>>> print(open('protein23.pdb').read())   # PDB, C-alpha atoms
ATOM      1  CA  MET A   1     -10.672   7.386  12.810
ATOM      2  CA  ALA A   2      -8.340   7.009  15.758
ATOM      3  CA  ILE A   3      -6.744   3.615  16.275
ATOM      4  CA  GLN A   4      -8.095   3.347  19.820
ATOM      5  CA  ASN A   5     -11.650   3.644  18.455
ATOM      6  CA  ARG A   6     -11.115   1.003  15.774
ATOM      7  CA  ALA A   7     -13.424  -2.024  15.851
ATOM      8  CA  TRP A   8     -10.938  -4.873  15.376
ATOM      9  CA  THR A   9     -11.933  -7.970  13.444
ATOM     10  CA  THR A  10     -10.355 -11.369  12.945
ATOM     11  CA  ASN A  11      -8.809 -10.504   9.556
ATOM     12  CA  ASP A  12      -5.912  -8.164   8.984
ATOM     13  CA  ASP A  13      -7.223  -6.155   6.045
ATOM     14  CA  TYR A  14      -7.306  -2.669   7.525
ATOM     15  CA  MET A  15      -7.561   0.242   5.136
ATOM     16  CA  THR A  16      -5.125   3.132   5.465
ATOM     17  CA  PRO A  17      -6.877   6.368   6.403
ATOM     18  CA  ARG A  18      -6.197   9.573   4.454
ATOM     19  CA  SER A  19      -4.510  11.050   7.542
ATOM     20  CA  ALA A  20      -1.829   8.321   7.492
ATOM     21  CA  TRP A  21      -1.037   8.960   3.814
ATOM     22  CA  GLU A  22      -0.919  12.697   4.532
ATOM     23  CA  ASP A  23       1.493  12.065   7.427
ATOM     24  CA  ILE A  24       4.024  10.292   5.170
ATOM     25  CA  LYS A  25       3.503  12.088   1.839
ATOM     26  CA  ASP A  26       6.775  14.022   2.137
ATOM     27  CA  TYR A  27       8.690  10.720   2.347
ATOM     28  CA  ILE A  28       7.134   9.160  -0.748
ATOM     29  CA  PRO A  29       9.368   9.505  -3.817
ATOM     30  CA  LYS A  30       8.123  11.489  -6.802
ATOM     31  CA  VAL A  31       8.205   8.462  -9.109
ATOM     32  CA  GLU A  32       5.446   6.249 -10.473
ATOM     33  CA  ILE A  33       4.298   4.357  -7.377
ATOM     34  CA  TRP A  34       2.396   1.100  -7.188
ATOM     35  CA  GLU A  35      -0.171   0.867  -4.401
ATOM     36  CA  ALA A  36      -0.040  -2.894  -4.728
ATOM     37  CA  PHE A  37      -2.765  -4.027  -2.332
ATOM     38  CA  TYR A  38      -6.119  -2.877  -3.619
ATOM     39  CA  GLY A  39      -8.289  -3.238  -0.526
ATOM     40  CA  ASP A  40     -11.342  -1.023  -0.934
ATOM     41  CA  GLY A  41      -9.706   1.018  -3.701
ATOM     42  CA  GLU A  42      -9.470   4.240  -1.695
ATOM     43  CA  SER A  43      -5.701   4.332  -1.108
ATOM     44  CA  GLY A  44      -4.943   4.721  -4.793
ATOM     45  CA  LYS A  45      -7.471   7.528  -5.076
ATOM     46  CA  ILE A  46      -6.035   9.281  -2.027
ATOM     47  CA  LEU A  47      -2.438   8.991  -3.230
ATOM     48  CA  THR A  48      -3.451  10.347  -6.633
ATOM     49  CA  GLU A  49      -5.295  13.246  -4.972
ATOM     50  CA  LEU A  50      -2.115  13.964  -2.989
ATOM     51  CA  GLY A  51      -0.300  14.416  -6.308
ATOM     52  CA  PHE A  52       1.337  11.043  -6.858
ATOM     53  CA  ASN A  53       1.452   9.177 -10.165
ATOM     54  CA  THR A  54      -0.208   6.067  -8.745
ATOM     55  CA  ILE A  55      -0.870   2.636 -10.184
ATOM     56  CA  HIS A  56      -3.701   1.055  -8.232
ATOM     57  CA  GLN A  57      -5.375  -1.877  -9.907
ATOM     58  CA  ASN A  58      -6.871  -5.016  -8.439
ATOM     59  CA  LEU A  59      -3.919  -7.218  -9.450
ATOM     60  CA  ASP A  60      -2.135 -10.085  -7.716
ATOM     61  CA  PHE A  61       0.978  -8.518  -6.183
ATOM     62  CA  PHE A  62       2.826 -11.823  -6.325
ATOM     63  CA  GLU A  63       2.301 -12.184 -10.086
ATOM     64  CA  ASN A  64       2.821  -8.577 -11.209
ATOM     65  CA  ASP A  65       5.464  -5.879 -11.110
ATOM     66  CA  ARG A  66       4.368  -2.284 -11.645
ATOM     67  CA  GLY A  67       5.790   1.178 -11.039
ATOM     68  CA  ALA A  68       9.183   2.351  -9.869
ATOM     69  CA  ALA A  69       8.417   1.849  -6.160
ATOM     70  CA  VAL A  70       5.802   0.105  -4.030
ATOM     71  CA  VAL A  71       3.931   2.251  -1.516
ATOM     72  CA  SER A  72       1.311   0.145   0.215
ATOM     73  CA  ASN A  73      -0.211  -1.250   3.374
ATOM     74  CA  PRO A  74      -0.429  -5.021   2.825
ATOM     75  CA  PRO A  75      -2.252  -7.367   5.188
ATOM     76  CA  PHE A  76       0.073  -7.906   8.149
ATOM     77  CA  THR A  77       0.074 -11.705   7.816
ATOM     78  CA  LEU A  78       1.547 -11.347   4.314
ATOM     79  CA  ILE A  79       4.474  -9.111   5.302
ATOM     80  CA  PRO A  80       7.172 -11.850   5.193
ATOM     81  CA  LYS A  81       6.039 -12.986   1.718
ATOM     82  CA  VAL A  82       5.701  -9.385   0.547
ATOM     83  CA  LEU A  83       9.260  -8.588   1.648
ATOM     84  CA  GLU A  84      10.566 -11.693  -0.135
ATOM     85  CA  ARG A  85       8.759 -10.629  -3.321
ATOM     86  CA  LEU A  86      10.094  -7.056  -3.097
ATOM     87  CA  VAL A  87      13.647  -8.396  -2.824
ATOM     88  CA  GLU A  88      12.974 -10.771  -5.722
ATOM     89  CA  ILE A  89      11.820  -7.931  -8.013
ATOM     90  CA  ASN A  90      14.410  -5.505  -6.572
ATOM     91  CA  LYS A  91      11.767  -2.872  -5.871
ATOM     92  CA  PRO A  92      12.158   0.056  -3.448
ATOM     93  CA  PHE A  93       9.228   0.264  -1.075
ATOM     94  CA  ILE A  94       7.392   1.975   1.759
ATOM     95  CA  LEU A  95       5.115  -0.331   3.745
TER
END
>>> encode(input="protein23.pdb", output="structure tokens")
Amino acid sequence: MAIQNRAWTTNDDYMTPRSAWEDIKDYIPKVEIWEAFYGDGESGKILTELGFNTIHQNLDFFENDRGAAVVSNPPFTLIPKVLERLVEINKPFIL
């Protein structure tokens, strides 16, 4: 779905389309990655289908630490807190 055709809502939980993951797959490290924001559950499935060793469980990101790197699309309003947490746990990331 093209961004310009997206029906925007008042929340900021937008799921990452397969095409976006495909666009960045060559930049994702070949380590165990944590797709830390569960959403509808599809991102973890897509990343696994693309060949990544993916942890994707419905866990609280702020209370857990999984994988060697975080590869995720968190809700935009949480970005400052997410960045603080990533620094706290010293985790490489792609957001």
>>> closest_residue(input="protein23.pdb", among="A:Asp23, A:Val82, A:Thr77, A:Thr48", to="A:Glu63", atoms="all atoms listed in the file")
A:Val82
>>> resolve_selection(input="protein23.pdb", expression="the PyMOL selection byres ((chain A and resi 52) around 8)", output="count of residues only")
11
>>> resolve_selection(input="protein23.pdb", expression="the PyMOL selection byres ((chain A and resi 73) around 9)", output="MDAnalysis selection string")
chainID A and resid 13:16 35:37 71:72 74:76 94:95
>>> atom_distance(input="protein23.pdb", atom1="atom CA of A:Trp21", atom2="atom CA of A:Ile46")
7.7 Å
>>> closest_residue(input="protein23.pdb", among="A:Ile55, A:Ile89, A:Ala20, A:Ile79", to="A:Tyr38", atoms="all atoms listed in the file")
A:Ile55
>>> atom_distance(input="protein23.pdb", atom1="atom CA of A:Pro92", atom2="atom CA of A:Ala69")
5.0 Å
>>> atom_distance(input="protein23.pdb", atom1="atom CA of A:Glu22", atom2="atom CA of A:Asp65")
25.1 Å
>>> axis_aligned_box(input="protein23.pdb", around="stretch 61-76 of chain A", padding_each_side="3 Å", output="AutoDock Vina command-line options")
--center_x 3.5 --center_y -4.9 --center_z -1.7 --size_x 17.4 --size_y 20.5 --size_z 25.8
>>> closest_residue(input="protein23.pdb", among="A:Pro17, A:Pro29, A:Pro80, A:Gly39", to="A:His56", atoms="only C-alpha atoms")
A:Gly39
>>> resolve_selection(input="protein23.pdb", expression="the PyMOL selection byres ((chain A and resi 91) around 10)", output="PyMOL selection string")
chain A and resi 65-70+83+85-90+92-93
>>> build_atoms(input="protein23.pdb", residues="stretch 52-71 of chain A", atoms="N, CA and C atoms", output="compact mmCIF listing (two decimals), keeping the file's coordinate frame")
# COMPACT_ATOMS: atom_id res chain seq x y z
N PHE A 52 0.44 12.11 -6.43
CA PHE A 52 1.34 11.04 -6.86
C PHE A 52 0.82 10.36 -8.12
N ASN A 53 1.76 9.97 -8.98
CA ASN A 53 1.45 9.18 -10.16
C ASN A 53 1.32 7.73 -9.67
N THR A 54 0.08 7.30 -9.47
CA THR A 54 -0.21 6.07 -8.74
C THR A 54 -0.82 5.00 -9.63
N ILE A 55 -0.26 3.82 -9.57
CA ILE A 55 -0.87 2.64 -10.18
C ILE A 55 -1.62 1.93 -9.07
N HIS A 56 -2.90 1.73 -9.25
CA HIS A 56 -3.70 1.06 -8.23
C HIS A 56 -4.80 0.26 -8.92
N GLN A 57 -4.46 -0.97 -9.23
CA GLN A 57 -5.38 -1.88 -9.91
C GLN A 57 -5.51 -3.13 -9.06
N ASN A 58 -6.63 -3.80 -9.21
CA ASN A 58 -6.87 -5.02 -8.44
C ASN A 58 -6.13 -6.18 -9.09
N LEU A 59 -4.80 -6.21 -8.88
CA LEU A 59 -3.92 -7.22 -9.45
C LEU A 59 -3.28 -8.04 -8.33
N ASP A 60 -2.85 -9.24 -8.67
CA ASP A 60 -2.13 -10.09 -7.72
C ASP A 60 -0.70 -9.56 -7.59
N PHE A 61 -0.35 -9.06 -6.43
CA PHE A 61 0.98 -8.52 -6.18
C PHE A 61 2.07 -9.54 -6.49
N PHE A 62 1.81 -10.79 -6.19
CA PHE A 62 2.83 -11.82 -6.32
C PHE A 62 3.03 -12.28 -7.76
N GLU A 63 2.18 -11.81 -8.68
CA GLU A 63 2.30 -12.18 -10.09
C GLU A 63 2.52 -10.98 -10.99
N ASN A 64 2.66 -9.79 -10.43
CA ASN A 64 2.82 -8.58 -11.21
C ASN A 64 3.96 -7.73 -10.67
N ASP A 65 4.39 -6.80 -11.48
CA ASP A 65 5.46 -5.88 -11.11
C ASP A 65 5.17 -4.56 -11.82
N ARG A 66 4.76 -3.57 -11.07
CA ARG A 66 4.37 -2.28 -11.64
C ARG A 66 5.13 -1.15 -10.95
N GLY A 67 5.24 -0.03 -11.63
CA GLY A 67 5.79 1.18 -11.04
C GLY A 67 7.26 1.11 -10.68
N ALA A 68 7.78 2.25 -10.26
CA ALA A 68 9.18 2.35 -9.87
C ALA A 68 9.41 2.03 -8.40
N ALA A 69 8.33 2.13 -7.60
CA ALA A 69 8.42 1.85 -6.16
C ALA A 69 7.04 1.38 -5.68
N VAL A 70 7.05 0.56 -4.65
CA VAL A 70 5.80 0.10 -4.03
C VAL A 70 5.56 0.96 -2.79
N VAL A 71 4.37 1.51 -2.70
CA VAL A 71 3.93 2.25 -1.52
C VAL A 71 2.58 1.65 -1.16
